[in-house]
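Pasted below: structure-v6.tsv, TSV, C-alpha atoms.
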```tsv
chain	number	residue	atom	x	y	z
A	14	MET	CA	-34.25	-51.71	-8.32
A	15	VAL	CA	-32.97	-50.26	-5.05
A	16	LYS	CA	-29.55	-49.71	-6.57
A	17	GLN	CA	-31.05	-47.89	-9.54
A	18	SER	CA	-33.13	-45.69	-7.23
A	19	ILE	CA	-30.10	-44.75	-5.15
A	20	PHE	CA	-28.03	-44.20	-8.26
A	21	GLY	CA	-30.74	-41.85	-9.59
A	22	ARG	CA	-30.75	-39.86	-6.36
A	23	ILE	CA	-26.95	-39.68	-6.36
A	24	ALA	CA	-26.99	-38.31	-9.91
A	25	GLN	CA	-29.76	-35.82	-9.07
A	26	LEU	CA	-28.08	-34.53	-5.91
A	27	ALA	CA	-24.66	-34.36	-7.54
A	28	LYS	CA	-26.05	-32.18	-10.33
A	29	ALA	CA	-27.90	-29.83	-7.98
A	30	ASN	CA	-27.00	-26.17	-8.44
A	31	ILE	CA	-26.49	-24.86	-4.93
A	32	ASN	CA	-26.45	-21.16	-5.85
A	33	SER	CA	-29.64	-21.49	-7.88
A	34	LEU	CA	-31.38	-23.27	-5.01
A	35	LEU	CA	-30.20	-20.60	-2.58
A	36	ASP	CA	-31.55	-17.83	-4.80
A	37	GLN	CA	-35.00	-19.44	-4.66
A	38	ALA	CA	-34.97	-20.09	-0.93
A	39	GLU	CA	-36.80	-17.84	1.53
A	40	ASP	CA	-34.37	-18.79	4.31
A	41	PRO	CA	-31.06	-19.90	2.74
A	42	GLN	CA	-29.54	-20.98	6.05
A	43	LYS	CA	-32.45	-23.26	6.93
A	44	MET	CA	-32.47	-24.65	3.41
A	45	LEU	CA	-28.72	-25.33	3.58
A	46	ASP	CA	-29.08	-27.02	6.96
A	47	GLN	CA	-31.80	-29.25	5.50
A	48	MET	CA	-29.71	-29.97	2.39
A	49	VAL	CA	-26.72	-30.89	4.54
A	50	ARG	CA	-28.90	-33.32	6.49
A	51	ASP	CA	-30.39	-34.76	3.28
A	52	TYR	CA	-26.98	-35.15	1.67
A	53	THR	CA	-25.54	-36.75	4.81
A	54	ASN	CA	-28.42	-39.24	5.01
A	55	ASN	CA	-28.31	-40.02	1.29
A	56	ILE	CA	-24.53	-40.44	1.39
A	57	ALA	CA	-24.85	-42.90	4.28
A	58	GLU	CA	-27.54	-44.82	2.38
A	59	ALA	CA	-25.55	-44.67	-0.84
A	60	GLU	CA	-22.40	-45.90	0.90
A	61	SER	CA	-24.36	-48.89	2.20
A	62	ALA	CA	-25.73	-49.64	-1.27
A	63	VAL	CA	-22.34	-49.16	-2.91
A	64	ALA	CA	-20.74	-51.45	-0.32
A	65	GLN	CA	-23.37	-54.11	-1.02
A	66	THR	CA	-22.88	-53.73	-4.77
A	67	ILE	CA	-19.12	-53.98	-4.40
A	68	GLY	CA	-19.57	-57.07	-2.20
A	69	ASN	CA	-21.75	-58.71	-4.87
A	70	LEU	CA	-19.19	-57.86	-7.52
A	71	ARG	CA	-16.38	-59.33	-5.46
A	72	MET	CA	-18.42	-62.54	-5.04
A	73	LEU	CA	-18.95	-62.74	-8.81
A	74	GLN	CA	-15.27	-62.14	-9.39
A	75	ALA	CA	-14.35	-64.79	-6.83
A	76	ASP	CA	-16.69	-67.30	-8.52
A	77	TYR	CA	-15.27	-66.34	-11.91
A	78	ASN	CA	-11.69	-66.74	-10.71
A	79	GLU	CA	-12.61	-70.12	-9.23
A	80	ASP	CA	-14.18	-71.24	-12.54
A	81	VAL	CA	-11.08	-70.10	-14.44
A	82	LYS	CA	-8.84	-71.95	-11.99
A	83	ASN	CA	-11.04	-75.07	-12.22
A	84	ALA	CA	-10.89	-74.93	-16.01
A	85	GLN	CA	-7.11	-74.75	-15.86
A	86	ASP	CA	-6.94	-77.57	-13.31
A	87	TRP	CA	-9.23	-79.83	-15.34
A	88	GLY	CA	-7.25	-78.98	-18.45
A	89	ASN	CA	-4.05	-80.04	-16.71
A	90	LYS	CA	-5.72	-83.23	-15.49
A	91	ALA	CA	-6.99	-83.99	-19.00
A	92	LEU	CA	-3.49	-83.50	-20.37
A	93	ALA	CA	-1.97	-85.72	-17.67
A	94	ALA	CA	-4.57	-88.48	-18.25
A	95	SER	CA	-4.04	-88.31	-22.01
A	96	ARG	CA	-0.27	-88.66	-21.59
A	97	LYS	CA	-0.75	-91.57	-19.20
A	98	ALA	CA	-3.01	-93.26	-21.72
A	99	ASP	CA	-0.36	-92.82	-24.41
A	100	GLU	CA	2.24	-94.41	-22.14
A	101	TYR	CA	0.03	-97.44	-21.48
A	102	ARG	CA	-0.79	-97.71	-25.16
A	103	ALA	CA	2.90	-97.60	-26.07
A	104	ALA	CA	3.52	-100.37	-23.52
A	105	GLY	CA	0.82	-102.52	-25.16
A	106	ASP	CA	-1.66	-102.09	-22.27
A	107	ALA	CA	-4.76	-101.15	-24.24
A	108	ALA	CA	-7.14	-101.50	-21.30
A	109	ASP	CA	-5.36	-98.98	-19.07
A	110	ALA	CA	-4.78	-96.74	-22.06
A	111	GLN	CA	-8.55	-96.64	-22.69
A	112	LYS	CA	-9.18	-96.07	-19.02
A	113	PHE	CA	-6.99	-92.96	-18.91
A	114	ASP	CA	-8.37	-91.72	-22.20
A	115	ASN	CA	-11.83	-91.88	-20.65
A	116	LEU	CA	-10.50	-89.95	-17.62
A	117	ALA	CA	-9.05	-87.37	-19.98
A	118	LYS	CA	-12.46	-87.01	-21.65
A	119	VAL	CA	-14.18	-86.49	-18.27
A	120	ALA	CA	-11.56	-83.90	-17.31
A	121	ILE	CA	-12.04	-82.12	-20.64
A	122	GLN	CA	-15.81	-82.10	-20.13
A	123	ARG	CA	-15.43	-80.57	-16.69
A	124	GLN	CA	-12.91	-78.09	-18.08
A	125	MET	CA	-15.46	-77.03	-20.68
A	126	THR	CA	-18.17	-76.67	-18.00
A	127	ALA	CA	-15.89	-74.46	-15.87
A	128	GLU	CA	-14.96	-72.37	-18.90
A	129	SER	CA	-18.63	-72.01	-19.83
A	130	GLU	CA	-19.53	-70.85	-16.32
A	131	ALA	CA	-16.65	-68.38	-16.28
A	132	LYS	CA	-17.64	-67.01	-19.69
A	133	ALA	CA	-21.28	-66.68	-18.62
A	134	ALA	CA	-20.21	-64.64	-15.58
A	135	GLU	CA	-18.15	-62.16	-17.61
A	136	PRO	CA	-21.11	-59.94	-18.75
A	137	SER	CA	-22.45	-59.76	-15.17
A	138	ILE	CA	-19.03	-58.87	-13.86
A	139	ALA	CA	-18.59	-56.18	-16.52
A	140	SER	CA	-22.04	-54.76	-15.79
A	141	GLN	CA	-21.55	-54.79	-12.03
A	142	THR	CA	-18.11	-53.22	-12.41
A	143	GLU	CA	-19.63	-50.38	-14.44
A	144	VAL	CA	-22.35	-49.85	-11.84
A	145	VAL	CA	-19.82	-49.84	-9.01
A	146	ASP	CA	-17.62	-47.34	-10.86
A	147	LYS	CA	-20.60	-45.03	-11.43
A	148	LEU	CA	-21.77	-45.38	-7.85
A	149	LYS	CA	-18.27	-44.61	-6.57
A	150	SER	CA	-18.03	-41.59	-8.86
A	151	GLY	CA	-21.47	-40.36	-7.85
A	152	LEU	CA	-20.64	-40.93	-4.19
A	153	ASP	CA	-17.46	-38.88	-4.56
A	154	GLN	CA	-19.44	-36.11	-6.23
A	155	MET	CA	-21.97	-36.18	-3.41
A	156	LYS	CA	-19.21	-35.93	-0.82
A	157	ASN	CA	-17.69	-32.99	-2.72
A	158	LYS	CA	-21.11	-31.39	-2.93
A	159	LEU	CA	-21.60	-31.95	0.79
A	160	ASN	CA	-18.29	-30.20	1.43
A	161	GLN	CA	-19.47	-27.30	-0.74
A	162	LEU	CA	-22.78	-27.17	1.11
A	163	THR	CA	-21.07	-27.23	4.49
A	164	ALA	CA	-18.62	-24.51	3.43
A	165	LYS	CA	-21.46	-22.42	1.98
A	166	ARG	CA	-23.55	-22.90	5.10
A	167	ASN	CA	-20.63	-21.88	7.35
A	168	GLU	CA	-19.93	-18.88	5.12
A	169	LEU	CA	-23.56	-17.71	5.25
A	170	VAL	CA	-23.75	-18.21	9.00
A	171	ALA	CA	-20.53	-16.24	9.47
A	172	ARG	CA	-21.77	-13.47	7.16
A	173	SER	CA	-25.11	-13.40	8.96
A	174	LYS	CA	-23.39	-13.08	12.35
A	175	THR	CA	-21.09	-10.37	10.97
A	176	ALA	CA	-24.05	-8.44	9.56
A	177	ALA	CA	-25.91	-8.73	12.86
A	178	ALA	CA	-22.84	-7.54	14.77
A	179	GLN	CA	-22.37	-4.62	12.38
A	180	SER	CA	-26.03	-3.69	12.76
A	181	GLN	CA	-25.74	-3.86	16.54
A	182	VAL	CA	-22.62	-1.69	16.51
A	183	HIS	CA	-24.32	0.75	14.14
A	184	ASP	CA	-27.32	1.01	16.45
A	185	ALA	CA	-25.04	1.46	19.44
A	186	LEU	CA	-23.06	4.19	17.69
A	187	LYS	CA	-26.26	5.87	16.60
A	188	SER	CA	-27.53	5.93	20.18
A	189	ILE	CA	-24.42	7.84	21.31
A	190	ASP	CA	-24.08	10.14	18.30
A	191	ILE	CA	-23.48	13.53	19.86
A	192	MET	CA	-24.63	15.22	16.64
A	193	ASP	CA	-27.98	13.44	16.77
A	194	PRO	CA	-30.42	15.52	18.85
A	195	THR	CA	-32.60	12.44	19.42
A	196	SER	CA	-29.78	10.42	21.02
A	197	GLU	CA	-29.35	10.06	24.78
A	198	VAL	CA	-26.29	12.31	24.69
A	199	GLY	CA	-28.15	14.87	22.60
A	200	ARG	CA	-31.09	14.94	24.99
A	201	PHE	CA	-28.77	15.22	28.00
A	202	GLU	CA	-26.89	18.06	26.31
A	203	GLU	CA	-30.16	19.86	25.58
A	204	LYS	CA	-31.16	19.53	29.24
A	205	ILE	CA	-27.83	21.03	30.35
A	206	ARG	CA	-28.25	23.89	27.87
A	207	ARG	CA	-31.66	24.71	29.29
A	208	GLU	CA	-30.22	24.68	32.81
A	209	GLU	CA	-27.35	26.93	31.70
A	210	ALA	CA	-29.81	29.29	30.03
A	211	LYS	CA	-31.84	29.41	33.23
A	212	VAL	CA	-28.72	30.30	35.24
A	213	LEU	CA	-27.84	33.05	32.73
A	214	GLY	CA	-31.34	34.43	33.06
A	215	GLN	CA	-31.11	34.41	36.81
A	216	GLN	CA	-27.72	36.13	36.63
A	217	GLU	CA	-29.11	38.78	34.26
A	218	LEU	CA	-32.04	39.44	36.57
A	219	ALA	CA	-29.70	39.65	39.53
A	220	ALA	CA	-27.44	42.06	37.62
A	221	SER	CA	-30.39	44.31	36.74
A	222	SER	CA	-31.46	44.46	40.38
A	223	LEU	CA	-27.91	45.41	41.52
A	224	ASP	CA	-27.66	48.14	38.85
A	225	ALA	CA	-30.89	49.67	40.08
A	226	GLN	CA	-29.63	49.63	43.68
A	227	PHE	CA	-26.34	51.25	42.70
A	228	ASN	CA	-28.18	53.92	40.74
A	229	GLN	CA	-30.27	54.72	43.80
A	230	LEU	CA	-27.11	54.97	45.88
A	231	GLU	CA	-25.55	57.35	43.33
A	232	ASP	CA	-28.68	59.56	43.36
A	233	LEU	CA	-28.66	59.65	47.14
A	234	GLY	CA	-24.98	60.60	47.24
A	235	GLU	CA	-25.50	63.46	44.76
A	236	GLN	CA	-28.45	64.87	46.74
A	237	THR	CA	-26.41	64.70	49.93
A	238	GLU	CA	-23.60	66.67	48.24
A	239	ILE	CA	-26.06	69.38	47.14
A	240	GLU	CA	-27.56	69.80	50.60
A	241	ALA	CA	-24.14	70.05	52.15
A	242	ARG	CA	-23.00	72.77	49.77
A	243	LEU	CA	-26.22	74.75	50.26
A	244	ALA	CA	-25.80	74.66	54.00
A	245	ALA	CA	-22.22	75.93	53.58
A	246	LEU	CA	-23.39	78.84	51.41
A	247	LYS	CA	-25.98	79.88	53.96
A	248	SER	CA	-23.49	79.85	56.77
A	249	GLY	CA	-21.00	81.81	54.72
A	250	GLY	CA	-18.44	79.13	55.22
A	251	SER	CA	-16.26	77.42	52.78
A	252	LYS	CA	-17.44	74.63	50.49
A	253	PRO	CA	-17.65	71.39	52.40
A	254	ALA	CA	-15.35	68.57	51.51
A	255	LEU	CA	-16.50	66.08	48.95
A	256	GLY	CA	-18.48	63.32	50.44
A	257	ALA	CA	-19.39	65.29	53.59
A	258	GLY	CA	-22.75	64.14	54.76
A	259	ALA	CA	-25.83	66.20	55.64
A	260	PRO	CA	-29.49	65.47	56.13
A	261	ALA	CA	-31.23	65.09	52.85
A	262	ALA	CA	-33.89	67.65	52.00
A	263	SER	CA	-37.05	66.85	50.21
A	264	GLY	CA	-36.87	67.66	46.57
A	265	ALA	CA	-38.79	70.59	45.05
A	266	THR	CA	-40.02	71.34	41.61
A	267	ILE	CA	-37.51	73.53	39.69
A	268	ASN	CA	-38.54	76.24	37.25
A	269	GLU	CA	-35.65	77.17	34.93
A	270	ALA	CA	-37.14	80.70	34.47
A	271	ASP	CA	-36.45	81.47	38.13
A	272	PHE	CA	-32.70	81.47	37.34
A	273	ASP	CA	-33.24	84.49	35.03
A	274	LYS	CA	-34.58	86.55	37.95
A	275	LEU	CA	-31.31	86.23	39.89
```
Whole structure, structure tokens version:
Amino acid sequence: MVKQSIFGRIAQLAKANINSLLDQAEDPQKMLDQMVRDYTNNIAEAESAVAQTIGNLRMLQADYNEDVKNAQDWGNKALAASRKADEYRAAGDAADAQKFDNLAKVAIQRQMTAESEAKAAEPSIASQTEVVDKLKSGLDQMKNKLNQLTAKRNELVARSKTAAAQSQVHDALKSIDIMDPTSEVGRFEEKIRREEAKVLGQQELAASSLDAQFNQLEDLGEQTEIEARLAALKSGGSKPALGAGAPAASGATINEADFDKL
């Protein structure tokens, strides 16, 4: 009964469709790990059962071989006793001839018993041999399936690690994408741009202030030139040299019509 149960499990596990089971699993890796453990345990149990079955078969075969050998031995003894009886009978010794004939009959009887026992063991030996062959075949299939499971499990684990690494690299690359304004580099660049814009604004303000100061200096220089030339006219002297300084006079309102009265 135990052998049949193990044989049934061997057949069931050997026929299992790994890919189909994986498609139905929520966590293929965990399922594969469990299947590998189940297969390993069942293979160990099956190996023990197969070894026991093989041991029983070898005992049956040993008993059978012994019965066959006994049958042959008793047959030889029967033949030897029969020949001895014939020799005594030919020599006129009827008593010894009968004695050895009786021994031949006993030997033949034991030969027949040994042959009967050997013949009776043949169906059991054939049946056990068939069971052992099926168990061995199923065990080999289970071992092959275990190798497939282990390879599949290792493949999935490797693919899972590769996918995780790729995702990690992708996230890392995304975080330093200079074209992505939300990345650390993008935010740092935006900060620098604001600082640069601030400096440009400060420079523009500073430039405007300097332009105004230079304009004031130009106005002052022109007024100084006018005062100097007026003073020269009044004194009847020659026109002063360019750039000659003189005290600045306060400005007055000019009426263009006054030039027509000159």
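If you measure from each of A:Arg71, A:Asn228, A:Arg50, A:Leu243 to A:Ser137 using all atoms listed in the file, the closest one turns out to be A:Arg71.
Counting only C-alpha atoms, the residue from A:Arg207, A:Leu148, A:Glu168, A:Gln141 that sits nearest to A:Asn69 is A:Gln141.
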Notebook entry, point to check: Near A:Ala117, counting all atoms listed in the file, which residues have an atom at most 6 Å away, once you skip same-chain residues fewer than 5 positions from it, shown as a PyMOL selection string?
Noted result: chain A and resi 91+94-95
Next item on the list: Compare A:Gly88, A:Gly105, A:Gly249, A:Pro136 by their minimum atom-to-atom distance to A:Lys118, counting all atoms listed in the file, and give me the closest one.
Entry: A:Gly88
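For the residues A:Glu235, A:Glu217, A:Glu202, A:Glu143, ranking by smallest atom-to-atom distance to A:Thr66 using only C-alpha atoms places A:Glu143 first.
Each of A:Gln229, A:Asn78, A:Ser140, A:Asn157 was checked against A:Glu128 using all atoms listed in the file; the smallest atom-to-atom distance is that of A:Asn78.
Distance-wise, atom CA of A:Gly151 and atom CA of A:Lys132 end up 29.4 Å apart.
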Check: Mind listing as a PyMOL selection string all residues within 7 Å of (-15.8, -72.8, -14.9), counting only C-alpha atoms?
Finding: chain A and resi 80-81+83-84+124+126-131
Next item on the list: Give me, please, the distance in Å between atom CA of A:Met48 and atom CA of A:Ala64, quoted to one decimal.
Entry: 23.4 Å
Margin query: Residues within 12 Å of A:Gly68, please, as a PyMOL selection string. Count all atoms listed in the file; anything in the same chain fewer than 5 positions from it doesn't count.
Written below: chain A and resi 60-63+73-75+138+141-142+145
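Nearest to A:Ala134 of all the residues A:Ala104, A:Ala177, A:Ala171, A:Leu70 is A:Leu70, counting all atoms listed in the file.
One distance worth recording is that between atom CA of A:Gln216 and atom CA of A:Phe201, which is 22.6 Å.
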Take every atom of stretch 233-244 of chain A listed in the file, pad by 5 Å on each side, and give me the axis-aligned box centre and edge lengths in Å, one decimal, as lines of an AutoDock Vina configuration file.
```
center_x = -25.8
center_y = 67.2
center_z = 49.4
size_x = 15.7
size_y = 25.1
size_z = 19.2
```
Note to self: Can you tell me which residues surround stretch 98-101 of chain A at a distance of at most 8 Å, considering only C-alpha atoms, apart from same-chain residues fewer than 2 positions away, and format the answer as JSON, numbers by chain?
What the structure shows: {"A": [94, 95, 96, 103, 104, 105, 106, 107, 109, 110, 111, 112, 113, 114]}
Selection file, C-alpha atoms, as a PDB file, in the frame of the given file:
```
ATOM      1  CA  ALA A  94      -4.570 -88.480 -18.250  1.00  0.00           C
ATOM      2  CA  SER A  95      -4.040 -88.310 -22.010  1.00  0.00           C
ATOM      3  CA  ARG A  96      -0.270 -88.660 -21.590  1.00  0.00           C
ATOM      4  CA  ALA A 103       2.900 -97.600 -26.070  1.00  0.00           C
ATOM      5  CA  ALA A 104       3.520-100.370 -23.520  1.00  0.00           C
ATOM      6  CA  GLY A 105       0.820-102.520 -25.160  1.00  0.00           C
ATOM      7  CA  ASP A 106      -1.660-102.090 -22.270  1.00  0.00           C
ATOM      8  CA  ALA A 107      -4.760-101.150 -24.240  1.00  0.00           C
ATOM      9  CA  ASP A 109      -5.360 -98.980 -19.070  1.00  0.00           C
ATOM     10  CA  ALA A 110      -4.780 -96.740 -22.060  1.00  0.00           C
ATOM     11  CA  GLN A 111      -8.550 -96.640 -22.690  1.00  0.00           C
ATOM     12  CA  LYS A 112      -9.180 -96.070 -19.020  1.00  0.00           C
ATOM     13  CA  PHE A 113      -6.990 -92.960 -18.910  1.00  0.00           C
ATOM     14  CA  ASP A 114      -8.370 -91.720 -22.200  1.00  0.00           C
TER      15      ASP A 114
END
```
